[in-house]
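The file structure34.cif contains mmCIF, C-alpha atoms:
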```
data_structure
#
loop_
_atom_site.group_PDB
_atom_site.id
_atom_site.type_symbol
_atom_site.label_atom_id
_atom_site.label_comp_id
_atom_site.auth_asym_id
_atom_site.auth_seq_id
_atom_site.Cartn_x
_atom_site.Cartn_y
_atom_site.Cartn_z
ATOM 1 C CA MET A 284 153.117 45.902 115.360
ATOM 2 C CA THR A 285 156.746 45.625 114.377
ATOM 3 C CA CYS A 286 157.566 44.663 117.966
ATOM 4 C CA ALA A 287 156.213 41.187 117.248
ATOM 5 C CA LEU A 288 158.849 40.759 114.548
ATOM 6 C CA GLU A 289 161.549 41.938 116.920
ATOM 7 C CA TYR A 290 160.620 39.999 120.062
ATOM 8 C CA ALA A 291 158.742 36.892 118.876
ATOM 9 C CA PRO A 292 161.959 35.170 117.718
ATOM 10 C CA GLN A 293 163.589 35.910 121.080
ATOM 11 C CA LEU A 294 160.651 34.343 122.908
ATOM 12 C CA ARG A 295 160.511 31.337 120.561
ATOM 13 C CA ALA A 296 164.243 30.736 120.956
ATOM 14 C CA ARG A 297 163.613 30.347 124.680
ATOM 15 C CA GLY A 298 160.668 28.026 124.146
ATOM 16 C CA TYR A 299 157.871 30.577 124.666
ATOM 17 C CA ARG A 300 155.261 31.990 122.344
ATOM 18 C CA MET A 301 154.253 35.559 121.595
ATOM 19 C CA THR A 302 150.820 36.079 123.098
ATOM 20 C CA PRO A 303 148.714 39.165 122.364
ATOM 21 C CA GLN A 304 149.240 40.281 125.976
ATOM 22 C CA ARG A 305 153.008 39.964 125.743
ATOM 23 C CA MET A 306 153.004 41.739 122.405
ATOM 24 C CA ALA A 307 150.946 44.673 123.738
ATOM 25 C CA ILE A 308 153.171 45.074 126.809
ATOM 26 C CA LEU A 309 156.402 44.820 124.822
ATOM 27 C CA HIS A 310 155.051 47.330 122.311
ATOM 28 C CA VAL A 311 154.233 49.825 125.071
ATOM 29 C CA LEU A 312 157.654 49.466 126.695
ATOM 30 C CA ARG A 313 159.535 49.523 123.392
ATOM 31 C CA HIS A 314 158.000 52.858 122.455
ATOM 32 C CA ALA A 315 158.060 54.463 125.892
ATOM 33 C CA GLU A 316 160.532 57.263 126.357
ATOM 34 C CA THR A 317 160.776 56.675 130.083
ATOM 35 C CA HIS A 318 160.350 53.980 132.696
ATOM 36 C CA LEU A 319 156.708 53.057 133.242
ATOM 37 C CA SER A 320 154.869 51.731 136.260
ATOM 38 C CA PRO A 321 152.793 48.567 135.858
ATOM 39 C CA ALA A 322 149.643 50.723 136.108
ATOM 40 C CA GLU A 323 150.860 52.991 133.286
ATOM 41 C CA ILE A 324 151.751 49.964 131.175
ATOM 42 C CA TYR A 325 148.299 48.477 131.814
ATOM 43 C CA LYS A 326 146.568 51.726 130.847
ATOM 44 C CA LYS A 327 148.440 51.946 127.529
ATOM 45 C CA ALA A 328 148.520 48.229 126.687
ATOM 46 C CA ARG A 329 144.789 47.683 127.131
ATOM 47 C CA LEU A 330 144.233 50.047 124.198
ATOM 48 C CA GLU A 331 145.957 47.439 122.004
ATOM 49 C CA ALA A 332 144.645 44.403 123.889
ATOM 50 C CA PRO A 333 141.200 45.375 125.231
ATOM 51 C CA GLY A 334 140.714 42.144 127.227
ATOM 52 C CA LEU A 335 143.966 42.664 129.126
ATOM 53 C CA THR A 336 143.673 42.657 132.919
ATOM 54 C CA GLU A 337 145.942 44.359 135.424
ATOM 55 C CA PRO A 338 146.961 41.072 137.110
ATOM 56 C CA THR A 339 147.981 39.745 133.674
ATOM 57 C CA VAL A 340 150.191 42.803 133.200
ATOM 58 C CA TYR A 341 151.938 42.183 136.533
ATOM 59 C CA ARG A 342 152.460 38.471 135.794
ATOM 60 C CA THR A 343 153.675 39.200 132.267
ATOM 61 C CA LEU A 344 156.116 41.859 133.460
ATOM 62 C CA GLU A 345 157.560 39.425 136.015
ATOM 63 C CA PHE A 346 157.881 36.781 133.290
ATOM 64 C CA LEU A 347 159.547 39.201 130.847
ATOM 65 C CA ALA A 348 161.943 40.333 133.594
ATOM 66 C CA ASP A 349 162.784 36.699 134.445
ATOM 67 C CA ILE A 350 163.803 36.070 130.834
ATOM 68 C CA ALA A 351 165.666 39.414 130.660
ATOM 69 C CA LEU A 352 163.561 41.130 127.983
ATOM 70 C CA VAL A 353 162.541 43.893 130.381
ATOM 71 C CA ARG A 354 164.266 45.364 133.400
ATOM 72 C CA PRO A 355 162.559 46.322 136.634
ATOM 73 C CA SER A 356 163.850 49.296 138.579
ATOM 74 C CA PHE A 357 162.661 51.642 141.256
ATOM 75 C CA SER A 358 161.804 55.265 140.621
ATOM 76 C CA SER A 359 163.170 58.053 142.794
ATOM 77 C CA SER A 360 159.942 57.809 144.819
ATOM 78 C CA GLY A 361 160.539 54.099 145.400
ATOM 79 C CA HIS A 362 157.843 52.827 143.032
ATOM 80 C CA LEU A 363 158.453 49.834 140.773
ATOM 81 C CA THR A 364 158.913 50.696 137.111
ATOM 82 C CA TYR A 365 159.913 48.798 133.982
ATOM 83 C CA GLU A 366 161.822 49.464 130.789
ATOM 84 C CA MET A 367 163.154 47.387 127.913
ATOM 85 C CA ALA A 368 166.418 45.647 128.714
ATOM 86 C CA GLY A 369 169.501 46.501 126.730
ATOM 87 C CA ASN A 370 169.880 50.223 127.305
ATOM 88 C CA ASP A 371 172.065 49.941 130.380
ATOM 89 C CA HIS A 372 172.020 53.177 132.300
ATOM 90 C CA HIS A 373 171.557 54.577 135.769
ATOM 91 C CA HIS A 374 170.157 57.811 137.205
ATOM 92 C CA ILE A 375 171.106 60.745 139.381
ATOM 93 C CA VAL A 376 168.099 62.379 141.045
ATOM 94 C CA CYS A 377 168.125 65.804 142.700
ATOM 95 C CA ARG A 378 166.986 65.600 146.326
ATOM 96 C CA ASP A 379 165.641 69.161 146.158
ATOM 97 C CA CYS A 380 163.746 69.518 142.865
ATOM 98 C CA GLY A 381 163.425 65.880 141.759
ATOM 99 C CA GLY A 382 165.223 66.564 138.487
ATOM 100 C CA GLU A 383 166.861 63.536 136.953
ATOM 101 C CA VAL A 384 169.684 62.743 134.551
ATOM 102 C CA GLU A 385 170.738 59.443 133.031
ATOM 103 C CA VAL A 386 174.239 58.090 133.595
ATOM 104 C CA GLU A 387 175.648 55.719 130.993
ATOM 105 C CA HIS A 388 176.571 52.326 132.372
ATOM 106 C CA THR A 389 180.029 52.577 130.829
ATOM 107 C CA LEU A 390 180.968 55.059 133.577
ATOM 108 C CA LEU A 391 180.354 52.333 136.190
ATOM 109 C CA GLU A 392 181.757 49.303 134.356
ATOM 110 C CA SER A 393 185.017 49.282 136.330
ATOM 111 C CA LEU A 394 183.016 49.365 139.572
ATOM 112 C CA TYR A 395 180.949 46.378 138.397
ATOM 113 C CA ARG A 396 184.129 44.451 137.539
ATOM 114 C CA LEU A 397 185.558 45.279 140.968
ATOM 115 C CA LEU A 398 182.345 44.082 142.631
ATOM 116 C CA GLU A 399 182.532 40.811 140.700
ATOM 117 C CA THR A 400 186.199 40.314 141.581
ATOM 118 C CA THR A 401 185.804 41.027 145.285
ATOM 119 C CA SER A 402 182.442 39.310 145.827
ATOM 120 C CA GLY A 403 182.813 36.303 143.541
ATOM 121 C CA TYR A 404 179.429 37.088 141.978
ATOM 122 C CA ARG A 405 179.123 37.124 138.194
ATOM 123 C CA SER A 406 176.746 38.844 135.789
ATOM 124 C CA ILE A 407 175.753 41.518 138.288
ATOM 125 C CA ASN A 408 172.783 43.318 136.828
ATOM 126 C CA SER A 409 171.282 46.349 138.471
ATOM 127 C CA HIS A 410 169.792 49.702 137.853
ATOM 128 C CA VAL A 411 171.319 52.214 140.253
ATOM 129 C CA THR A 412 169.834 55.540 141.299
ATOM 130 C CA PHE A 413 172.141 58.073 142.930
ATOM 131 C CA PHE A 414 170.825 61.078 144.825
ATOM 132 C CA GLY A 415 172.429 64.487 145.092
ATOM 133 C CA VAL A 416 171.752 68.194 144.556
ATOM 134 C CA CYS A 417 171.678 69.400 140.946
ATOM 135 C CA PRO A 418 173.650 72.468 139.755
ATOM 136 C CA ASN A 419 170.461 74.613 139.541
ATOM 137 C CA CYS A 420 169.496 73.876 143.143
ATOM 138 C CA GLN A 421 173.078 74.461 144.305
ATOM 139 C CA ALA A 422 172.956 77.944 142.766
ATOM 140 C CA LYS A 423 169.833 78.920 144.723
#
```

When written as structure tokens, how does the structure in this file appear?
Amino acid sequence: MTCALEYAPQLRARGYRMTPQRMAILHVLRHAETHLSPAEIYKKARLEAPGLTEPTVYRTLEFLADIALVRPSFSSSGHLTYEMAGNDHHHIVCRDCGGEVEVEHTLLESLYRLLETTSGYRSINSHVTFFGVCPNCQAK
């Protein structure tokens, strides 16, 4: 797993070690093309780490989110999902068909700066989902 080479130094630099469970979960998330629920991560990761338990997946995901290697977010249905940190983006979800598009974070950077200036908060980190009606559904 090349993910160990990529993420083990990041963990070690923070004083943590790369466990087989962490490696399996990071590998699954690194190669996922979408956000995954903890249950989906468990299902895929246990193929690489057969002794992995679902509670371990939840604890590990919380740990990895706390140290900013993964990012939790909520799907359009309100379910908790995870993805690798670093690819800052947001979503627009169609209220009618459920279709979804990604929005690059750069489009919202000025809003984030304004929020920091007016609120006094720093390092605001979020994953925003907007809802609307897509062009296909508008045409119907």

Distance criterion (all atoms listed in the file): nearest to Thr339 (chain A) out of A:Arg305, A:His310, A:His318, A:Arg297: A:Arg305

Any idea what's packed within 12 Å of region 392-406 of chain A, counting only C-alpha atoms, ignoring anything in its chain fewer than 5 positions away? Could you give it as a PyMOL selection string? chain A and resi 371-373+386-387+411

I need the residues from that last selection saved to file as a compact mmCIF listing (two decimals), in the frame of the given file (with C-alpha atoms), if you can.
```txt
# COMPACT_ATOMS: atom_id res chain seq x y z
CA ASP A 371 172.06 49.94 130.38
CA HIS A 372 172.02 53.18 132.30
CA HIS A 373 171.56 54.58 135.77
CA VAL A 386 174.24 58.09 133.60
CA GLU A 387 175.65 55.72 130.99
CA VAL A 411 171.32 52.21 140.25
```

Please provide as a PDB file with C-alpha atoms, in the frame of the given file all residues within 9 Å of Phe414 (chain A), with the sequence filter that same-chain residues fewer than 2 positions apart are discarded (counting all atoms listed in the file).
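The new file result14.pdb reads:
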```pdb
ATOM      1  CA  SER A 359     163.170  58.053 142.794  1.00  0.00           C
ATOM      2  CA  HIS A 374     170.157  57.811 137.205  1.00  0.00           C
ATOM      3  CA  ILE A 375     171.106  60.745 139.381  1.00  0.00           C
ATOM      4  CA  VAL A 376     168.099  62.379 141.045  1.00  0.00           C
ATOM      5  CA  CYS A 377     168.125  65.804 142.700  1.00  0.00           C
ATOM      6  CA  ARG A 378     166.986  65.600 146.326  1.00  0.00           C
ATOM      7  CA  THR A 412     169.834  55.540 141.299  1.00  0.00           C
ATOM      8  CA  VAL A 416     171.752  68.194 144.556  1.00  0.00           C
TER       9      VAL A 416
END
```

What is the CA of Ser356 (chain A)-CA of Leu335 (chain A) distance in Å, reported with one decimal?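 That distance, rounded to one decimal, is 23.0 Å.
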
For CA of Glu383 (chain A) and CA of Ile308 (chain A), determine how far apart the two atoms are, in Å to one decimal place. 25.1 Å

Up to 6 Å from (153.2, 50.2, 127.9) in the file's coordinates: name the residues, counting only C-alpha atoms, as a count of residues only. 6

Among the residues A:Gly334, A:Pro303, A:Gly361, A:Pro418, the one that comes closest to Ser320 (chain A) [using only C-alpha atoms]: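 Checking each of A:Gly334, A:Pro303, A:Gly361, A:Pro418 against Ser320 (chain A), counting only C-alpha atoms, the winner is A:Gly361.
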
Can you give me, as a list of chain:residue names, the residues this file yields under the PyMOL selection byres ((chain A and resi 291) around 12)?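 The output of the PyMOL selection byres ((chain A and resi 291) around 12) on this file is A:Met284, A:Thr285, A:Cys286, A:Ala287, A:Leu288, A:Glu289, A:Tyr290, A:Pro292, A:Gln293, A:Leu294, A:Arg295, A:Ala296, A:Arg297, A:Gly298, A:Tyr299, A:Arg300, A:Met301, A:Thr302, A:Pro303, A:Arg305, A:Met306, A:Leu309, A:His310, A:Leu352.
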
note - CA of Leu390 (chain A) and CA of Leu363 (chain A) are separated by 24.2 Å
